Amino acid sequence: MRTARFLAGRLAGMVVVLVVISLVTYALFLLLPSDPAQMSCGRPCTPENLAIASEFMGFDQPWWRQYLEFVAGIFQGRSFGSGPAAVHCSAPCFGYSFQLNQPVTQLIWARIPVTFSIAVGAAVLWLVLGVALGVLAAVRQGTLVDRSAMAFAVAGVSAPVYLLGLLGILLFGFTLDMVPVSGYVPFSESPLDWLWHLVLPWCVLALFTSAVYARLTRGQMIEALEEDYVRTARAKGLSEPKVIGRHALRNVLIPVVTVFGSDVGQLLGGAIITERVFSMPGLGSLLLSAVGQGDLPLLLGVVLFAAFLVVLANFAVDVVYGLLDPRVAQTQR
Amino acid sequence: MKRSIIVSVVAVGLALSACNANSGSDEAKSPASGTSKGGDLTILTSSQTVTLDPAKSQNLAITTLSLFNRRLTSWQIEPGQPAEAVPDLATDTGTPSADGKTWTYTLKSGLKFSDGTPITAKDVKYGLERSFAPELSGGLGYHKGLLEGGDQYQGPYTDGELDSIETPDDTTIVFHLNKSYGDWPWIVSMPAFSPIPKAADAKPQEYGQNPVSSGPYQVESYKEGSSLVAGRNPEWDQASDTVRTAGPDTITMQLGQDDTVAAQRLIADSGDDQNAFQASFVPPAQLSQIQSDAGAKSRLVTSEAGALAYLALNTQSKSLADVKVRQAIQYAVDKKAVQIAVGGTIGGEPATTLITPGIAGREEYDLYPAGESGDVEKAKALLTEAGNPALDLTLLVESDPVEVSKAQAIQQGLQRAGIKVTIKSLEYEAWVAEATGDKGEYDLAISSWQPDFPSANGNIQPLFASSEIGGGKYNLARYSEPEVDELIDQASASTDPAEAQKLWAQADRRILEDSPVVPLLFKKNSFLHGSNVQNFFVTPFPAYPNYLKVSLGQ
């Protein structure tokens with residue numbers, strides 16, 4: 001019962017956050033100087049053509065009505081125009097991209113496998129690599145291992161992912177010819193090619209992000225190793241790997257999970273630069289194209305979807321907290 | 001018609017290039033008639049999507065859509081020759097009536113769609129009528145304001161047929177215009193004049209995903225954001241087509257490619273990339289890299305000077321109302337500095353006229369000879385004649401780094417004559433809104449222009465007709481001169497190309513006498529291709545590779 005109430009509270013919070021985000025995004029959308037109707041008006045864009053395009057796309061309505069229609073579309077779907085040429089956008093309709101001629105939901109849906117493939121593989125890599133390095137540095141504090149690990153962390157944090165990506169492509173793609181330089185192959189077409197095309201993006205993203213985790217884990221671990229419960233565990237005669245793995249690491253992981261949750265949430269919303277550098281048709285590249293082309297309905301849809309993922313990831317983190325540390329669930333009731 | 005080639009071809013960025021204009025490779029010089037057949041061509045593009053619905057397309061007549069769709073006429077684009085309108089589906093470029101308001105076309109015999117059905121005049125009419133539907137807007141719509149009743153008509157789905165397009169039989173199509181229009185042969189080369197069988201249009205919104213082909217290729221697969229693969233259309237007949245050589249067996253467009261990585265791939269020139277070219281301009285960093293790489297340099301193709309970059313002087317601004325002040329600016333601008341801002345001679349050549357090179361009838365002249373860096377004394381003298389006004393001008397510019405560099409070059413140039421310039425840089429959309437809006441609260445604006453079709457009409461009318469001020473239109477100088485409007489009307493109406501060209505050249509000079517703009521540069525674009533790509537050339541107009549002639553070595 002308590003858990004159910006906890007979950008219900010969190011879910012309600014999620015909905016409120018999403019409504020606020022949708023309103024703010026919509027306000028920004030309307031404040032922007034560009035006119036989506038103008039972008040779809042064709043050339044030459046005469047005032048008559050512009051009026052026709054604006055009416056057809058629904059941008060001739062007052063802002064609140066546009067917003068309500070947008071929200072209603074999520075639940076009921078929407079149609080633009082009439083007759084056989086009408087544009088249908090079935091529920092959940094997050095708008096329609098008149099530049100790409102597809103419902104935003106469909107566009108997002110088609111891009112999800114790409115972004116998720118990048119995000120999940122990279123996340124696993126950076127978590128394992130980051131935590132392992134962090135633990136190693138903490139346990140060997142002050143030694144060459146520690147300093148090397150932290151030097152790696154500083155380098156990783158400082159290097160822009162665009163630069164890392166290009167260097168990776170130049171070295172492993174062009175010079176050594178070990179991996180493909182760009183593109184994405186669906187898992188269903190060829191699992192091996194899928195893996196082969198993703199190795200480099202995964203490594204680049206993991207290298208960049210694991211640095212943060214290594215530093216975080218190291219700091220937390222050093223603190224944990226000085227705690228009383230660790231001393232007790234050692235006094236009980238437990239081996240050092242058990243003291244670290246079973247006792248210290250479990251506590252260290254709580255802040256790591258917090259950061260991991262929101263990082264993965266953000267990444268699922270689109271690894272913008274990585275996708276662009278590696279020419280992968282994911283959500284990030286969709287967002288970039290929406291910005292570049294001034295495709296506001298698409299921009300709005302993708303931003304909302306990305307926000308939804310971040311909110312969802314935070315929700316998942318809250319749930320996982322409870323599993324890792326029962327005290328959390330009790331205090332968060 | 002829109003600001004420069006930028007929008008027409010989606011590629012965004014400045015193209016700078018080296019001196020080997022149109023050399024490309026030795027193979028590039030081989031005549032189209034000797035085109036090798038076969039191979040798999042790859043086109044690398046930063047575009048996420050390909051629009052194959054003719055109603056929604058703004059493609060040039062020599063790029064992607066033309067591989068799939070033929071129109072009544074097309075463009076013959078060859079190195080060293082001005083662009084020419086030539087028959088495509090039709091037997092000629094059109095027969096006008098004596099008053100220039102009625103144009104008649106006859107289709108060639110034996111034309112077939114990719115599904116084997118014959119192409120008839122009714123299919124052309126239906127394709128054109130579709131383009132009027134608001135649901136299918138977004139394409140080139142010059143015909144909409146010219147066809148009788150076109151301003152009221154909203155497409156075949158709600159309004160039935162458009163009476164001003166007649167099809168007395170299967171091979172004849174007649175257009176009734178609301179005024180005489182000499183450039184109609186160019187208009188019928190636009191995407192909307194592609195034939196579409198009504199039977200294939202049950203779901204109009206989805207038509208573009210797998211269109212019925214009339215050109216040499218048909219869609220084999222299309223993955224939005226990823227790739228488009230085209231294979232041969234067995235029903236297309238080379239004998240009926242003078243503009244497409246259809247060399248490669250397949251053409252794959254790799255979409256959403258990062259321009260830098262794509263250029264690196266072509267520089268490396270390994271494996272399948274030898275059969276590829278990049279649809280976007282080569283980014284400046286790679287352009288520098290290519291200069292020191294002989295292999296890549298031989299595969300870089302640069303257009304001759306083409307699209308016009310110009311400084312618009314807002315004639316409705318109080319500070320610039322006096323023609324003497326505007327003429328002083330002609331002399332004060334340092335075009336050499338502007339050229340340096342775009343990368344030197346590899347970025348463009350100084351301009352003194354309005355009509356784009358590569359367009360028939362263009363005349364070369366210079367009303368304000370000022371040397372390469374301007375004539376400050378002459379500018380000061382003109383300002384003295386104008387009563388030495390205190391000038392503090394606002395210069396509207398896009399926030400793109402190269403555009404801002406151009407603005408700074410202009411700022412420094414004008415400073416020499418005592419004219420203060422404040423640069424106002426805006427994101428693209430905001431720039432468009434402010435520069436083309438109704439208010440016009442700026443003194444100067446930097447822009448560039450390449451017409452949608454190769455007629456001087458496309459240069460002059462959109463930038464200088466008084467009907468094109470504000471409302472999203474591009475008369476950025478907000479220039480209104482009845483004499484020029486009259487010249488534009490006469491030249492537009494003339495169905496005699498020689499006479500029209502003469503009138504356009506006259507308008508070009510007459511406009512510059514009033515100094516509403518300072519022509520800055522004719523820009524150059526650079527493209528890179530793989531070592532096995534042949535017949536790859538870029539002409540001044542449209543300063544873009546001719547996809548219809550590209551082939552692969554065998």
# chains A, B, ... in the order shown; residues from 1 in each chain; ligands from 1

call {"tool": "residues_around", "arguments": {"residues": "Gly219 (chain A)", "least_positions_apart": "6", "cutoff": "12 Å", "atoms": "only C-alpha atoms", "output": "PyMOL selection string"}}
result
chain A and resi 131+133-139+141+146+150+212-213+225-226+249+252-253+255-256

call {"tool": "interface_residues", "arguments": {"of": "chain B", "to": "chain A", "cutoff": "6 Å", "atoms": "only C-alpha atoms", "output": "VMD selection string"}}
result
chain B and resid 1 138 to 141 204 225 to 226 256 to 258 429 to 430

call {"tool": "write_last_selection", "arguments": {"atoms": "C-alpha atoms", "output": "mmCIF file, in the first residue's frame"}}
result
data_model
loop_
_atom_site.group_PDB
_atom_site.id
_atom_site.type_symbol
_atom_site.label_atom_id
_atom_site.label_comp_id
_atom_site.auth_asym_id
_atom_site.auth_seq_id
_atom_site.Cartn_x
_atom_site.Cartn_y
_atom_site.Cartn_z
ATOM 1 C CA MET B 1 12.936 31.547 -55.557
ATOM 2 C CA GLY B 138 5.656 23.515 -50.102
ATOM 3 C CA GLY B 139 6.857 23.172 -53.683
ATOM 4 C CA LEU B 140 7.757 25.652 -56.398
ATOM 5 C CA GLY B 141 4.506 27.375 -57.257
ATOM 6 C CA PRO B 204 -1.998 11.719 -51.805
ATOM 7 C CA GLY B 225 16.808 9.741 -42.273
ATOM 8 C CA SER B 226 18.930 6.879 -43.563
ATOM 9 C CA GLY B 256 21.867 12.619 -42.656
ATOM 10 C CA GLN B 257 25.604 12.543 -43.299
ATOM 11 C CA ASP B 258 27.824 14.874 -41.312
ATOM 12 C CA GLU B 429 14.652 32.652 -39.031
ATOM 13 C CA ALA B 430 14.830 35.926 -37.137
#

call {"tool": "atom_distance", "arguments": {"atom1": "CA of Asn314 (chain A)", "atom2": "CA of Val16 (chain A)"}}
result
14.0 Å

call {"tool": "residues_around", "arguments": {"residues": "region 67-71 of chain A", "least_positions_apart": "5", "cutoff": "10 Å", "atoms": "only C-alpha atoms", "output": "list in words"}}
result
Val19, Ser22, Leu23, Tyr26, Ala27, Gly58, Gln61, Pro62, Gln76, Gly77, Arg78, Pro92, Cys93, Phe94, Gly95, Tyr96 and Pro297 of chain A

call {"tool": "select_by_dssp", "arguments": {"residues": "region 382-522 of chain B", "states": "helix (DSSP H, G or I)", "output": "JSON, numbers by chain"}}
result
{"B": [382, 383, 384, 385, 401, 402, 403, 404, 405, 406, 407, 408, 409, 410, 411, 412, 413, 414, 415, 428, 429, 430, 431, 432, 433, 434, 435, 436, 456, 457, 458, 459, 460, 461, 462, 463, 464, 466, 467, 468, 482, 483, 484, 485, 486, 487, 488, 489, 490, 491, 492, 493, 497, 498, 499, 500, 501, 502, 503, 504, 505, 506, 507, 508, 509, 510, 511, 512, 513, 514]}

call {"tool": "residues_around", "arguments": {"residues": "region 222-224 of chain B", "least_positions_apart": "2", "cutoff": "8 Å", "atoms": "only C-alpha atoms", "output": "ChimeraX atom specification"}}
result
/B:48-50,209,219-220,226-229,255

call {"tool": "residues_around", "arguments": {"residues": "Gly371 (chain B)", "least_positions_apart": "4", "cutoff": "10 Å", "atoms": "only C-alpha atoms", "output": "list in words"}}
result
Tyr331, Asp334, Lys335, Lys336 and Asp375 of chain B

call {"tool": "residues_around", "arguments": {"residues": "Gln327 (chain B)", "least_positions_apart": "3", "cutoff": "9 Å", "atoms": "only C-alpha atoms", "output": "mmCIF file with C-alpha atoms, in the first residue's frame"}}
result
data_model
loop_
_atom_site.group_PDB
_atom_site.id
_atom_site.type_symbol
_atom_site.label_atom_id
_atom_site.label_comp_id
_atom_site.auth_asym_id
_atom_site.auth_seq_id
_atom_site.Cartn_x
_atom_site.Cartn_y
_atom_site.Cartn_z
ATOM 1 C CA ASP B 322 19.080 60.348 -50.992
ATOM 2 C CA VAL B 323 20.451 58.546 -54.046
ATOM 3 C CA LYS B 324 23.782 60.362 -53.614
ATOM 4 C CA GLN B 330 28.836 51.927 -53.748
ATOM 5 C CA TYR B 331 32.243 53.604 -53.716
ATOM 6 C CA ALA B 332 32.953 53.204 -50.003
ATOM 7 C CA TYR B 368 30.635 52.728 -60.079
ATOM 8 C CA ALA B 379 32.470 58.396 -51.723
ATOM 9 C CA LEU B 382 29.257 62.299 -53.056
ATOM 10 C CA LEU B 383 28.463 62.587 -49.356
ATOM 11 C CA GLU B 513 21.597 53.813 -61.421
ATOM 12 C CA ASP B 514 19.363 54.234 -58.351
ATOM 13 C CA SER B 515 21.807 52.211 -56.257
ATOM 14 C CA PRO B 516 19.344 50.183 -54.173
ATOM 15 C CA VAL B 518 25.691 47.075 -53.824
#

call {"tool": "closest_residue", "arguments": {"among": "A:Pro186, A:Phe315, A:Val257, A:Asp228", "to": "Ile112 (chain A)", "atoms": "only C-alpha atoms"}}
result
A:Pro186

call {"tool": "residues_around", "arguments": {"residues": "Thr250 (chain B)", "least_positions_apart": "6", "cutoff": "6 Å", "atoms": "only C-alpha atoms", "output": "list in words"}}
result
Asp40, Ala230 and Gly231 of chain B

call {"tool": "write_last_selection", "arguments": {"atoms": "N, CA and C atoms", "output": "PDB file, in the first residue's frame"}}
result
ATOM      1  N   ASP B  40      27.325   1.447 -59.202  1.00  0.00           N
ATOM      2  CA  ASP B  40      26.435   1.902 -58.133  1.00  0.00           C
ATOM      3  C   ASP B  40      26.951   3.234 -57.600  1.00  0.00           C
ATOM      4  N   ALA B 230      17.733   3.887 -55.537  1.00  0.00           N
ATOM      5  CA  ALA B 230      17.006   3.952 -56.804  1.00  0.00           C
ATOM      6  C   ALA B 230      17.610   2.975 -57.798  1.00  0.00           C
ATOM      7  N   GLY B 231      16.749   2.265 -58.504  1.00  0.00           N
ATOM      8  CA  GLY B 231      17.205   1.356 -59.557  1.00  0.00           C
ATOM      9  C   GLY B 231      16.623   1.801 -60.887  1.00  0.00           C
TER      10      GLY B 231
END

call {"tool": "select_by_dssp", "arguments": {"residues": "region 17-106 of chain A", "states": "strand (DSSP E)", "output": "ChimeraX atom specification"}}
result
/A:78-80,87-89,96-97,102-103

call {"tool": "closest_residue", "arguments": {"among": "A:Ala248, A:Ile21, A:Ala159, A:Val128", "to": "Arg234 (chain A)", "atoms": "only C-alpha atoms"}}
result
A:Ala248

call {"tool": "closest_atom_pairs", "arguments": {"of": "region 429-510 of chain B", "to": "region 522-530 of chain B", "cutoff": "10 Å", "atoms": "only C-alpha atoms", "output": "Markdown table"}}
result
| residue | atom | partner | partner_atom | distance |
| --- | --- | --- | --- | --- |
| B:Ser448 | CA | B:Lys523 | CA | 8.8 |
| B:Trp449 | CA | B:Phe522 | CA | 9.6 |
| B:Gln450 | CA | B:Lys523 | CA | 9.9 |

call {"tool": "write_last_selection", "arguments": {"atoms": "N, CA and C atoms", "output": "PDB file, in the first residue's frame"}}
result
ATOM      1  N   SER B 448      22.090  36.965 -50.211  1.00  0.00           N
ATOM      2  CA  SER B 448      22.576  36.439 -51.486  1.00  0.00           C
ATOM      3  C   SER B 448      21.410  35.794 -52.209  1.00  0.00           C
ATOM      4  N   TRP B 449      21.571  35.646 -53.503  1.00  0.00           N
ATOM      5  CA  TRP B 449      20.414  35.249 -54.309  1.00  0.00           C
ATOM      6  C   TRP B 449      20.825  34.403 -55.497  1.00  0.00           C
ATOM      7  N   GLN B 450      20.126  33.307 -55.661  1.00  0.00           N
ATOM      8  CA  GLN B 450      20.268  32.541 -56.891  1.00  0.00           C
ATOM      9  C   GLN B 450      18.861  32.189 -57.358  1.00  0.00           C
TER      10      GLN B 450
END

call {"tool": "atom_distance", "arguments": {"atom1": "CA of Lys125 (chain B)", "atom2": "CA of Phe193 (chain B)"}}
result
7.8 Å
